[in-house]
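Visitor: The structure is given below, and queries will be raised subsequently.
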Amino acid sequence: IYMSTNAISFTELLDRMQTLFVQWYGPILYILIYFFRPVVFLPASLLAILAGNIWGMGLGFILGLSAGTLSAVLPYGFGRWFSSDGLAVFESKNWISHFINTIQKNPFQAVLTMRLLYLPYDTVSAVVGALRVSFTAFLLATAIGNILGTLSFVGIGAALEGDVLKGEISINPVIFVLSFVLLLISIGISRYLKWGRESNDV
């Protein structure tokens, strides 16, 4: 709606956001925008890259991890609020019933595994909320599961020095390579867990 009202492109929207983020209130605004990401459909990876580009690896990682974790609260709350007995319809299906029982018995491990598997982020949050999983276990597992991904994307942003949106950039090779390695590690963990799960199913 904002883009349409002001006749601006998505790139121009990001440029305006970046201008606001560098102000003294920028970190607070960043967390608020990130919190409402599930309903405005801004890519989490893009917001993490922006954090790294604006605030660097240190503060960028802290803000990216905090904001990314808090953004999971909204879909979790929706799932918990609207759950009622809706999931009872599926409990006749043995595999779904087994899946639900696994999450409810081992909430921390289940949520952490789903985060490391890179399953759809907001869908996982909503389903876990609908199952009324402990909020503390959910939030802690989400925060830990977000660490590698946040580090890698924030690092990519920190490695891009200059004005990213205008294409006037240079790359810090050390930070970029480190971020790329972290991204490969997180993908490797995801593939390993997926392979292990498929092997157990067989």
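Letters A, B, ... mark the chains of the structure tokens in the order given; residue numbers begin at 1 per chain; ligand numbers begin at 1, in order shown.
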Near A:Pro43, counting only C-alpha atoms, which residues have an atom at most 12 Å away, once you skip same-chain residues fewer than 5 positions from it, shown as a list in words?

Guide: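 The residues that qualify are Phe10, Leu14, Ile33, Tyr34, Phe35, Phe36, Arg37, Pro38, Ala48, Ile49, Leu50, Gly68, Ser71, Tyr121, Asp122 and Phe153 of chain A.
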
Visitor: Can you list, as a PyMOL selection string, all residues belonging to stretch 6-63 of chain A that DSSP tags as alpha helix (DSSP H)?

Guide: chain A and resi 6+10-21+26-35+37-40+44-63

Visitor: Skip stretch 20-24 of chain A itself and residues of its chain fewer than 5 positions away, then list as a PyMOL selection string all residues within 9 Å of it, counting only C-alpha atoms.

Guide: chain A and resi 15+29-30+51+54-55

Visitor: Now that the selection is made, can you save its residues with N, CA, C and O atoms as a PDB file, in the first residue's frame?

Guide:
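The resulting file, selection08.pdb, is shown below:
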```pdb
ATOM      1  N   ASP A  15      15.593   1.748  -0.003  1.00  0.00           N
ATOM      2  CA  ASP A  15      16.452   2.922   0.154  1.00  0.00           C
ATOM      3  C   ASP A  15      15.917   3.820   1.266  1.00  0.00           C
ATOM      4  O   ASP A  15      16.674   4.336   2.099  1.00  0.00           O
ATOM      5  N   LEU A  29      13.244   0.902  15.106  1.00  0.00           N
ATOM      6  CA  LEU A  29      12.405   0.812  13.911  1.00  0.00           C
ATOM      7  C   LEU A  29      12.668  -0.493  13.167  1.00  0.00           C
ATOM      8  O   LEU A  29      11.735  -1.145  12.682  1.00  0.00           O
ATOM      9  N   TYR A  30      13.932  -0.871  13.093  1.00  0.00           N
ATOM     10  CA  TYR A  30      14.311  -2.121  12.414  1.00  0.00           C
ATOM     11  C   TYR A  30      13.635  -3.316  13.070  1.00  0.00           C
ATOM     12  O   TYR A  30      13.073  -4.181  12.393  1.00  0.00           O
ATOM     13  N   ALA A  51      20.919  -5.319   7.926  1.00  0.00           N
ATOM     14  CA  ALA A  51      21.471  -5.108   9.275  1.00  0.00           C
ATOM     15  C   ALA A  51      22.988  -5.149   9.244  1.00  0.00           C
ATOM     16  O   ALA A  51      23.662  -4.316   9.864  1.00  0.00           O
ATOM     17  N   ILE A  54      24.390  -1.981   7.436  1.00  0.00           N
ATOM     18  CA  ILE A  54      24.231  -0.719   8.158  1.00  0.00           C
ATOM     19  C   ILE A  54      25.036  -0.693   9.456  1.00  0.00           C
ATOM     20  O   ILE A  54      25.726   0.277   9.764  1.00  0.00           O
ATOM     21  N   TRP A  55      24.959  -1.792  10.230  1.00  0.00           N
ATOM     22  CA  TRP A  55      25.548  -1.792  11.574  1.00  0.00           C
ATOM     23  C   TRP A  55      26.785  -2.673  11.726  1.00  0.00           C
ATOM     24  O   TRP A  55      27.379  -2.717  12.803  1.00  0.00           O
TER      25      TRP A  55
END
```

Visitor: Stretch 133-150 of chain A: which residues within 9 Å, counting only C-alpha atoms, same-chain residues fewer than 6 positions away excluded, as a VMD selection string?

Guide: chain A and resid 45 48 to 49 61 64 to 66 68 to 70 72 to 73 76 80 103 to 104 107 to 116 125 182 to 183 185 to 187

Visitor: List the neighbours of A:Ile156 out to 7 Å using only C-alpha atoms; skip same-chain residues closer than 2 positions along the sequence, and give me the result as a CSV table (one decimal) with N, CA, C and O atoms, in the first residue's frame.

Guide:
```
chain,number,residue,atom,x,y,z
A,49,ILE,N,20.7,-9.0,5.8
A,49,ILE,CA,21.7,-8.4,5.0
A,49,ILE,C,21.8,-6.9,5.2
A,49,ILE,O,22.9,-6.3,5.4
A,152,SER,N,25.4,-15.7,8.8
A,152,SER,CA,25.9,-15.8,7.4
A,152,SER,C,25.3,-14.6,6.6
A,152,SER,O,26.0,-13.9,5.9
A,153,PHE,N,24.0,-14.3,6.8
A,153,PHE,CA,23.4,-13.2,6.0
A,153,PHE,C,23.9,-11.8,6.5
A,153,PHE,O,24.1,-10.9,5.7
A,154,VAL,N,24.0,-11.7,7.8
A,154,VAL,CA,24.5,-10.4,8.3
A,154,VAL,C,25.9,-10.2,7.8
A,154,VAL,O,26.3,-9.1,7.5
A,158,ALA,N,27.6,-7.1,5.9
A,158,ALA,CA,28.8,-6.4,6.4
A,158,ALA,C,29.9,-6.4,5.4
A,158,ALA,O,30.8,-5.5,5.4
A,159,ALA,N,30.0,-7.5,4.5
A,159,ALA,CA,31.1,-7.6,3.6
A,159,ALA,C,30.9,-6.6,2.4
A,159,ALA,O,31.8,-6.2,1.7
A,160,LEU,N,29.6,-6.2,2.2
A,160,LEU,CA,29.3,-5.3,1.1
A,160,LEU,C,29.4,-3.8,1.6
A,160,LEU,O,28.6,-3.3,2.2
A,176,PHE,N,33.3,-11.8,3.6
A,176,PHE,CA,32.5,-12.4,2.7
A,176,PHE,C,32.7,-13.9,2.7
A,176,PHE,O,31.8,-14.7,2.7
A,179,SER,N,31.4,-15.5,5.8
A,179,SER,CA,29.9,-15.6,5.8
A,179,SER,C,29.5,-16.7,4.9
A,179,SER,O,28.5,-17.5,5.2
```

Visitor: Between A:Ile62, A:Ile1, A:Ala7, A:Val128, which has the minimum distance to A:Phe99 (counting only C-alpha atoms)?

Guide: A:Val128

Visitor: Quick one: pull the distance between atom CA of A:Gly77 and atom CA of A:Gly129, Å, one decimal.

Guide: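 Distance between the two atoms: 6.2 Å.
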
Visitor: Of the residues A:Phe82, A:Thr123, A:Tyr25, A:Met57, which is the one nearest to A:Leu178, using only C-alpha atoms?

Guide: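 The closest residue to A:Leu178 is A:Met57.
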
Visitor: What does the distance between atom CA of A:Thr11 and atom CA of A:Val40 come to in Å, to one decimal place?

Guide: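 Result for atom CA of A:Thr11 versus atom CA of A:Val40: 15.5 Å, one decimal.
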